[in-house]
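A.B. asks: Provided below: coords.cif, containing mmCIF, C-alpha atoms and all ligand atoms.
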data_coords
#
loop_
_atom_site.label_atom_id
_atom_site.label_comp_id
_atom_site.auth_asym_id
_atom_site.auth_seq_id
_atom_site.Cartn_x
_atom_site.Cartn_y
_atom_site.Cartn_z
CA MET A 1 30.32 35.63 -12.56
CA ILE A 2 33.17 33.67 -11.01
CA GLU A 3 36.21 32.60 -13.03
CA PHE A 4 39.12 30.42 -11.98
CA ILE A 5 41.90 30.46 -14.55
CA ASN A 6 44.64 27.83 -14.10
CA VAL A 7 44.64 28.31 -10.34
CA SER A 8 47.02 26.40 -8.06
CA LYS A 9 47.81 26.62 -4.36
CA GLU A 10 50.77 25.20 -2.49
CA TYR A 11 50.90 25.56 1.27
CA GLY A 12 54.46 26.40 2.31
CA LYS A 13 57.30 25.16 0.15
CA SER A 14 56.44 21.47 0.14
CA GLY A 15 55.76 21.56 -3.60
CA LYS A 16 52.57 19.60 -2.90
CA ARG A 17 49.59 21.30 -4.48
CA ALA A 18 46.40 21.42 -2.40
CA VAL A 19 44.77 22.84 -5.56
CA ASP A 20 46.34 21.93 -8.89
CA ASP A 21 45.72 24.00 -12.03
CA ILE A 22 41.96 24.30 -11.86
CA SER A 23 39.84 26.29 -14.31
CA PHE A 24 36.09 26.75 -14.23
CA ARG A 25 33.41 29.37 -14.61
CA VAL A 26 30.23 30.06 -12.68
CA GLU A 27 27.78 32.20 -14.64
CA THR A 28 25.66 34.90 -13.05
CA GLY A 29 22.41 33.46 -11.68
CA GLU A 30 23.70 29.90 -11.40
CA LEU A 31 23.36 27.61 -8.41
CA PHE A 32 26.72 25.85 -8.52
CA GLY A 33 27.88 22.98 -6.33
CA PHE A 34 31.53 22.27 -5.69
CA ILE A 35 31.85 18.70 -4.54
CA GLY A 36 34.67 16.46 -3.43
CA PRO A 37 35.78 14.19 -0.61
CA ASN A 38 37.52 15.47 2.54
CA GLY A 39 40.92 16.96 1.79
CA ALA A 40 40.13 17.39 -1.92
CA GLY A 41 40.82 21.15 -1.91
CA LYS A 42 37.34 22.65 -1.57
CA THR A 43 38.09 25.00 1.33
CA THR A 44 41.40 26.06 -0.23
CA THR A 45 39.58 26.92 -3.48
CA ILE A 46 36.86 28.85 -1.67
CA ARG A 47 39.38 30.80 0.37
CA MET A 48 41.12 31.92 -2.82
CA LEU A 49 37.75 33.09 -4.12
CA THR A 50 36.99 35.09 -0.99
CA GLY A 51 40.47 36.60 -0.87
CA THR A 52 41.67 35.00 2.39
CA LEU A 53 44.29 32.92 0.54
CA THR A 54 46.44 34.07 -2.38
CA PRO A 55 46.89 31.61 -5.26
CA THR A 56 50.41 30.31 -5.91
CA ALA A 57 49.59 30.54 -9.62
CA GLY A 58 46.66 31.57 -11.79
CA ARG A 59 43.91 34.13 -11.44
CA VAL A 60 40.53 34.29 -9.74
CA LEU A 61 38.04 36.81 -11.14
CA VAL A 62 34.75 37.97 -9.67
CA ASP A 63 32.64 39.84 -12.23
CA GLY A 64 35.90 40.49 -14.03
CA ILE A 65 37.65 41.85 -10.92
CA ASP A 66 40.91 40.12 -9.99
CA VAL A 67 40.54 38.99 -6.37
CA THR A 68 44.27 39.36 -5.63
CA ALA A 69 44.77 42.70 -7.37
CA ASP A 70 41.59 44.40 -6.16
CA GLN A 71 40.63 42.57 -3.01
CA ILE A 72 38.26 45.13 -1.56
CA ALA A 73 36.20 45.59 -4.72
CA ALA A 74 35.95 41.81 -5.09
CA LYS A 75 35.00 41.28 -1.44
CA LYS A 76 32.14 43.77 -1.69
CA LYS A 77 30.47 41.56 -4.26
CA ILE A 78 30.68 38.44 -2.12
CA GLY A 79 28.81 37.24 0.94
CA PHE A 80 30.78 34.42 2.56
CA VAL A 81 29.78 31.74 5.05
CA PRO A 82 33.01 30.07 6.18
CA ASP A 83 33.41 26.45 7.04
CA GLY A 84 32.30 25.84 10.64
CA ALA A 85 30.72 29.33 10.75
CA ASP A 86 33.39 30.83 12.97
CA VAL A 87 31.90 34.01 14.34
CA PHE A 88 33.11 36.17 17.18
CA ASP A 89 32.06 34.56 20.43
CA ARG A 90 32.10 37.68 22.52
CA LEU A 91 29.55 39.64 20.53
CA SER A 92 25.81 39.20 20.62
CA GLY A 93 24.18 38.06 17.40
CA LEU A 94 22.87 41.57 16.86
CA GLU A 95 26.28 43.16 17.45
CA TYR A 96 27.79 40.74 14.96
CA LEU A 97 25.23 41.59 12.27
CA ASN A 98 25.61 45.32 12.90
CA PHE A 99 29.39 44.97 12.72
CA LEU A 100 29.13 43.39 9.28
CA ALA A 101 26.52 45.89 8.13
CA ASP A 102 28.84 48.75 9.21
CA MET A 103 31.75 47.17 7.41
CA TYR A 104 29.79 46.95 4.16
CA GLY A 105 28.19 50.38 4.61
CA VAL A 106 24.61 49.07 4.70
CA SER A 107 22.05 51.82 5.45
CA ALA A 108 19.96 51.68 8.64
CA ALA A 109 16.76 51.01 6.69
CA ASP A 110 18.26 48.22 4.57
CA ARG A 111 19.89 46.49 7.51
CA LYS A 112 16.69 46.56 9.53
CA ALA A 113 14.66 45.16 6.64
CA ARG A 114 17.20 42.39 5.96
CA MET A 115 17.65 41.51 9.63
CA ASP A 116 13.88 41.32 10.15
CA LYS A 117 13.46 39.16 7.10
CA TYR A 118 16.31 36.71 7.64
CA LEU A 119 16.11 36.47 11.43
CA SER A 120 12.49 35.50 11.08
CA LEU A 121 13.16 33.16 8.14
CA PHE A 122 15.91 31.31 10.03
CA GLU A 123 14.02 31.53 13.36
CA LEU A 124 16.75 33.39 15.17
CA THR A 125 14.80 36.50 16.22
CA ASP A 126 14.48 35.48 19.88
CA ALA A 127 18.18 34.62 20.28
CA VAL A 128 19.75 37.53 18.40
CA GLY A 129 20.27 39.61 21.55
CA ASN A 130 22.23 36.82 23.25
CA ARG A 131 25.93 36.25 23.02
CA VAL A 132 27.19 34.06 20.23
CA ALA A 133 29.12 32.06 22.87
CA SER A 134 25.78 30.69 24.07
CA TYR A 135 24.67 29.58 20.59
CA SER A 136 24.52 26.01 19.34
CA LYS A 137 26.41 25.03 16.20
CA GLY A 138 23.27 25.33 14.09
CA MET A 139 22.49 28.80 15.47
CA ARG A 140 26.01 29.96 14.64
CA GLN A 141 25.63 28.61 11.14
CA LYS A 142 22.36 30.50 10.74
CA LEU A 143 23.85 33.72 12.12
CA ALA A 144 26.82 33.47 9.75
CA THR A 145 24.36 32.90 6.89
CA ILE A 146 22.34 36.00 7.76
CA GLY A 147 25.59 37.94 8.13
CA ALA A 148 26.65 36.91 4.64
CA LEU A 149 23.38 38.25 3.20
CA ILE A 150 23.31 41.53 5.12
CA HIS A 151 24.81 43.56 2.25
CA ASP A 152 22.68 41.80 -0.39
CA PRO A 153 25.73 40.42 -2.22
CA ASP A 154 25.68 39.48 -5.91
CA ILE A 155 27.58 36.29 -5.13
CA TRP A 156 26.82 34.10 -2.13
CA VAL A 157 29.62 31.70 -1.25
CA MET A 158 29.30 28.95 1.37
CA ASP A 159 31.71 26.30 2.55
CA GLU A 160 29.81 23.16 3.65
CA PRO A 161 26.72 25.19 4.63
CA MET A 162 24.54 22.23 5.65
CA MET A 163 26.93 21.08 8.36
CA GLY A 164 25.41 21.56 11.79
CA LEU A 165 21.94 22.44 10.46
CA ASP A 166 18.93 20.36 11.41
CA PRO A 167 16.70 19.17 8.53
CA LYS A 168 14.27 22.05 8.87
CA ALA A 169 17.01 24.71 8.84
CA ALA A 170 18.71 22.92 5.93
CA PHE A 171 15.42 23.03 4.02
CA ILE A 172 14.97 26.75 4.71
CA LEU A 173 18.54 27.39 3.55
CA LYS A 174 18.08 25.42 0.33
CA GLU A 175 14.86 27.33 -0.45
CA GLU A 176 16.67 30.62 0.12
CA MET A 177 19.51 29.52 -2.16
CA LYS A 178 17.00 28.87 -4.94
CA ARG A 179 15.26 32.19 -4.29
CA GLN A 180 18.55 34.08 -4.50
CA CYS A 181 19.32 32.48 -7.86
CA ASP A 182 15.81 33.19 -9.13
CA SER A 183 16.40 36.85 -8.36
CA GLY A 184 19.59 36.84 -10.45
CA LYS A 185 22.20 36.22 -7.74
CA THR A 186 24.94 33.63 -8.03
CA VAL A 187 25.26 30.89 -5.40
CA PHE A 188 28.43 28.84 -5.07
CA PHE A 189 28.82 26.28 -2.30
CA SER A 190 30.92 23.29 -1.41
CA THR A 191 29.59 20.04 -0.08
CA HIS A 192 30.55 16.43 0.36
CA VAL A 193 26.85 15.58 0.71
CA LEU A 194 25.96 14.35 -2.74
CA GLU A 195 22.16 14.35 -2.29
CA VAL A 196 22.22 18.08 -1.65
CA ALA A 197 24.16 18.82 -4.82
CA GLU A 198 22.07 16.40 -6.84
CA LYS A 199 18.74 17.92 -5.85
CA LEU A 200 19.77 21.54 -5.83
CA CYS A 201 22.45 22.38 -8.34
CA GLU A 202 22.21 23.49 -11.93
CA LYS A 203 25.89 22.87 -12.36
CA ILE A 204 28.51 20.90 -10.53
CA ALA A 205 32.27 20.68 -10.45
CA VAL A 206 33.98 17.68 -8.87
CA ILE A 207 37.38 18.11 -7.23
CA ASN A 208 39.62 15.27 -6.07
CA GLN A 209 43.19 15.49 -4.80
CA GLY A 210 43.39 19.12 -5.90
CA LYS A 211 42.33 18.46 -9.49
CA LEU A 212 39.03 19.24 -11.17
CA ILE A 213 37.95 15.93 -12.57
CA ALA A 214 34.53 16.81 -13.97
CA GLN A 215 32.25 19.77 -14.48
CA GLY A 216 28.93 20.50 -16.12
CA THR A 217 25.24 19.98 -15.57
CA LEU A 218 24.17 16.82 -13.79
CA GLU A 219 22.76 15.54 -17.09
CA GLN A 220 26.07 16.16 -18.86
CA LEU A 221 28.01 14.36 -16.16
CA LYS A 222 25.59 11.43 -16.15
CA SER A 223 25.84 10.89 -19.88
CA ALA A 224 29.62 11.41 -19.96
CA GLU A 225 30.12 8.86 -17.19
CA HIS A 226 27.28 6.53 -18.22
CA ALA A 227 25.88 6.82 -14.70
CA ASP A 228 22.40 7.19 -13.18
CA SER A 229 23.28 9.14 -10.09
CA LEU A 230 25.76 11.66 -8.81
CA GLU A 231 26.88 9.09 -6.25
CA GLN A 232 27.87 6.67 -9.00
CA ILE A 233 29.67 9.42 -10.97
CA PHE A 234 31.46 10.55 -7.86
CA LEU A 235 32.60 7.08 -6.82
CA GLU A 236 33.75 6.21 -10.31
CA LEU A 237 35.66 9.44 -10.82
CA THR A 238 37.31 9.55 -7.42
CA ASP A 239 38.23 5.84 -7.58
CA ALA A 240 39.77 6.16 -11.03
CA GLU A 241 41.89 9.07 -9.79
CA SER A 242 43.27 7.25 -6.76
CA GLU A 243 44.05 4.15 -8.81
CA GLY A 244 45.96 6.37 -11.24
CA GLU A 245 47.92 7.79 -8.32
CA GLU A 246 49.05 4.37 -7.11
CA ALA A 247 50.03 3.07 -10.53
N1 LIG A 301 46.85 25.59 6.23
C1 LIG A 301 47.26 24.49 5.60
N2 LIG A 301 48.57 24.15 5.58
C2 LIG A 301 49.00 23.04 4.93
N3 LIG A 301 48.19 22.19 4.27
C3 LIG A 301 46.87 22.48 4.25
C4 LIG A 301 46.33 23.64 4.91
N4 LIG A 301 45.00 23.67 4.72
C5 LIG A 301 44.71 22.58 3.98
N5 LIG A 301 45.82 21.88 3.69
C6 LIG A 301 45.90 20.64 2.87
O1 LIG A 301 45.38 20.93 1.59
C7 LIG A 301 44.59 19.88 1.10
C8 LIG A 301 43.19 20.38 0.77
O2 LIG A 301 42.53 20.76 1.97
P1 LIG A 301 41.12 21.51 1.99
O3 LIG A 301 41.15 22.60 0.99
O4 LIG A 301 40.84 21.89 3.39
O5 LIG A 301 40.15 20.35 1.51
P2 LIG A 301 38.56 20.15 1.69
O6 LIG A 301 37.96 21.46 2.10
O7 LIG A 301 38.09 19.67 0.37
O8 LIG A 301 38.38 19.10 2.74
C9 LIG A 301 44.62 18.78 2.18
O9 LIG A 301 45.61 17.86 1.83
C10 LIG A 301 44.99 19.54 3.42
O10 LIG A 301 45.68 18.71 4.30
MG MG A 302 36.78 21.96 3.68
#
Would you mind writing the file out in structure tokens?
C.D. replies:
Amino acid sequence: MIEFINVSKEYGKSGKRAVDDISFRVETGELFGFIGPNGAGKTTTIRMLTGTLTPTAGRVLVDGIDVTADQIAAKKKIGFVPDGADVFDRLSGLEYLNFLADMYGVSAADRKARMDKYLSLFELTDAVGNRVASYSKGMRQKLATIGALIHDPDIWVMDEPMMGLDPKAAFILKEEMKRQCDSGKTVFFSTHVLEVAEKLCEKIAVINQGKLIAQGTLEQLKSAEHADSLEQIFLELTDAESEGEEA
């Protein structure tokens, strides 16, 4: 379970809030999409969840553990694929995966089983011995994804995971996201690609200019906004917000 309780983030002392008093809950086993336009605050929110940024105000809980107060315990529960899948260039794919497996204390048998499974699923087996520096963007994204799953986390967090993936890899990823949820894991990801969220997610939260402007199931959002599609909801909500700003 993920809980954001009145969370805000200001970068520096500008007083401008990149994330402004957001509260939401992701239940265990949910596939949850966090959507919003560029600059809305998605990455900032995700980095507070994964413990790489400290909130200016509010609390973030992971299965009841406060991410700021007990960072290590919280991090153990999470597998994180950062935006742009920045992974160490100088290592080989295999060294990178072993590094993560060591960090999380994954046994030799478990790491071999998971590497075999995910390398084959994401079609990276042949390249895993090569240096990450030689990888394409999509291959890096896949490697980061496998790395995030190496300790079989309860909560899988991804920031714009479809970026850089070709349609086949994106399909494989989406299937794996569903499988993880079916087996009781929680999946939380950000996207600005509405079709992905619409097809995949059980629940959605929409963020715009740092504020959560809607959350619920797609059906709930559609009936609340009298809309037929997520695109329509999204355009209406984000337009209304920017008009309010100008007035
Ligand atoms: N390191 C930073 N320092 C100052 N401002 C930042 C920093 N990172 C992001 N921001 C600002 O915070 C806001 C939200 O950014 P971000 O969380 O990256 O949005 P998104 O991921 O939805 O595109 C933007 O206005 C962005 O310019
Ligand atoms: Mg971002």
A.B. asks: Please identify the residues whose atoms come within 7 Å of ligand LIG 301 (chain A), using only C-alpha atoms and all ligand atoms, and report them as an MDAnalysis selection string.
C.D. replies: chainID A and resid 11:12 18:19 36:45 210
A.B. asks: Selection from above, C-alpha atoms, as a short mmCIF file (atom, residue, chain, number, x, y, z; two decimals), keeping the file's coordinate frame, can you write it?
C.D. replies:
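See part_6.cif below for the written result:
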data_model
loop_
_atom_site.label_atom_id
_atom_site.label_comp_id
_atom_site.auth_asym_id
_atom_site.auth_seq_id
_atom_site.Cartn_x
_atom_site.Cartn_y
_atom_site.Cartn_z
CA TYR A 11 50.90 25.56 1.27
CA GLY A 12 54.46 26.40 2.31
CA ALA A 18 46.40 21.42 -2.40
CA VAL A 19 44.77 22.84 -5.56
CA GLY A 36 34.67 16.46 -3.43
CA PRO A 37 35.78 14.19 -0.61
CA ASN A 38 37.52 15.47 2.54
CA GLY A 39 40.92 16.96 1.79
CA ALA A 40 40.13 17.39 -1.92
CA GLY A 41 40.82 21.15 -1.91
CA LYS A 42 37.34 22.65 -1.57
CA THR A 43 38.09 25.00 1.33
CA THR A 44 41.40 26.06 -0.23
CA THR A 45 39.58 26.92 -3.48
CA GLY A 210 43.39 19.12 -5.90
#
A.B. asks: Ranking A:Ile2, A:Val87, A:Ile46, A:Met177 by minimum distance to ligand MG 302 (chain A) and counting all atoms listed in the file, which one comes first?
C.D. replies: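 That would be A:Ile46, the residue with the smallest distance to ligand MG 302 (chain A).
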A.B. asks: Show me a table, sorted first by chain and then by increasing residue number, of the residues of segment 73-121 of chain A having an atom at most 9 Å from segment 47-68 of chain A, each with its shortest atom pair and the distance in Å to one decimal, counting all atoms listed in the file and written as CSV.
C.D. replies:
residue,atom,partner,partner_atom,distance
A:Ala73,CA,A:Ile65,CA,7.4
A:Ala74,CA,A:Val67,CA,5.5
A:Lys75,CA,A:Thr50,CA,6.5
A:Lys77,CA,A:Val62,CA,7.8
A:Ile78,CA,A:Thr50,CA,7.2
A:Gly79,CA,A:Thr50,CA,8.7
A:Phe80,CA,A:Thr50,CA,7.2
A:Pro82,CA,A:Arg47,CA,8.7
A.B. asks: In the coordinate frame of the file, compute which residues have an atom within 7 Å of (21.6, 39.4, 21.8) when using only C-alpha atoms, and state them as a VMD selection string.
C.D. replies: chain A and resid 92 to 94 127 to 131
A.B. asks: Counting all atoms listed in the file, which residue out of A:Tyr118, A:Trp156, A:Phe34, A:Phe188 sits closest to ligand MG 302 (chain A)?
C.D. replies: A:Phe34
A.B. asks: Show me, as a ChimeraX atom specification, the residues that have an atom within 12 Å of Glu123 of chain A when counting all atoms listed in the file, minus same-chain residues fewer than 2 positions from it.
C.D. replies: /A:115-121,125-128,138-139,142-143,146,168-169,172-173
A.B. asks: At a cut-off of 9 Å, using all atoms listed in the file, what residues contact Tyr104 of chain A? Leave out same-chain residues fewer than 5 positions from it and give the result as JSON, numbers by chain.
C.D. replies: {"A": [76, 99, 150, 151]}
A.B. asks: Report, in Å with one decimal, the straight-line distance from atom CA of Asp110 of chain A to atom CA of Asp152 of chain A.
C.D. replies: 9.2 Å
A.B. asks: For segment 222-235 of chain A, find every residue with an atom within 7 Å (counting all atoms listed in the file), except residues of its own chain fewer than 3 positions away, and show them as number ranges by chain.
C.D. replies: A: 194, 198, 218-219, 238-239
A.B. asks: Please save C-alpha atoms of the selected residues as a JSON list (two decimals), in the coordinates of the input.
C.D. replies:
[["chain", "number", "residue", "atom", "x", "y", "z"],
["A", 194, "LEU", "CA", 25.96, 14.35, -2.74],
["A", 198, "GLU", "CA", 22.07, 16.40, -6.84],
["A", 218, "LEU", "CA", 24.17, 16.82, -13.79],
["A", 219, "GLU", "CA", 22.76, 15.54, -17.09],
["A", 238, "THR", "CA", 37.31, 9.55, -7.42],
["A", 239, "ASP", "CA", 38.23, 5.84, -7.58]]
A.B. asks: Just give me the gap between atom CA of Asp154 of chain A and atom CA of Tyr135 of chain A in Å, one decimal is fine.
C.D. replies: 28.3 Å
A.B. asks: Pick the closest to Leu124 of chain A from A:Val81, A:Ala101, A:Ala109, A:Ala144: which is it, counting all atoms listed in the file?
C.D. replies: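 Of the candidates, the smallest distance to Leu124 of chain A is held by A:Ala144.
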A.B. asks: Taking 5 positions as the minimum chain separation for residues in the same chain, which residues sit within 12 Å of Asp182 of chain A when counting only C-alpha atoms? Answer as an NGL selection string.
C.D. replies: :A and (28-31 or 175-177 or 187 or 202)
A.B. asks: Taking into account all atoms listed in the file, which residue in the set A:Asp70, A:Glu27, A:Asp21, A:Asp83 is nearest to Pro161 of chain A?
C.D. replies: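 Among the listed residues, the smallest separation from Pro161 of chain A belongs to A:Asp83.
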A.B. asks: Please compute the atom CA of Gly147 of chain A-atom CA of Asn98 of chain A distance, one decimal, in Å.
C.D. replies: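 A separation of 8.8 Å between them.
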A.B. asks: I'd like to know which of A:Ala170, A:Leu149, A:Ile35, A:Ala133 is closest to ligand MG 302 (chain A), using all atoms listed in the file.
C.D. replies: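 Using all atoms listed in the file, ligand MG 302 (chain A) sits closest to A:Ile35.
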A.B. asks: Could segment 218-229 of chain A be written out with C-alpha atoms, as an mmCIF file, in the first residue's frame, please?
C.D. replies:
data_model
loop_
_atom_site.group_PDB
_atom_site.id
_atom_site.type_symbol
_atom_site.label_atom_id
_atom_site.label_comp_id
_atom_site.auth_asym_id
_atom_site.auth_seq_id
_atom_site.Cartn_x
_atom_site.Cartn_y
_atom_site.Cartn_z
ATOM 1 C CA LEU A 218 -11.810 5.364 -14.997
ATOM 2 C CA GLU A 219 -15.563 4.805 -14.689
ATOM 3 C CA GLN A 220 -15.775 7.142 -11.698
ATOM 4 C CA LEU A 221 -13.832 9.843 -13.506
ATOM 5 C CA LYS A 222 -15.930 9.473 -16.646
ATOM 6 C CA SER A 223 -19.205 9.864 -14.811
ATOM 7 C CA ALA A 224 -17.925 12.706 -12.616
ATOM 8 C CA GLU A 225 -16.706 14.633 -15.644
ATOM 9 C CA HIS A 226 -19.503 13.543 -18.007
ATOM 10 C CA ALA A 227 -16.848 12.334 -20.447
ATOM 11 C CA ASP A 228 -16.431 9.286 -22.707
ATOM 12 C CA SER A 229 -12.681 9.021 -22.692
#
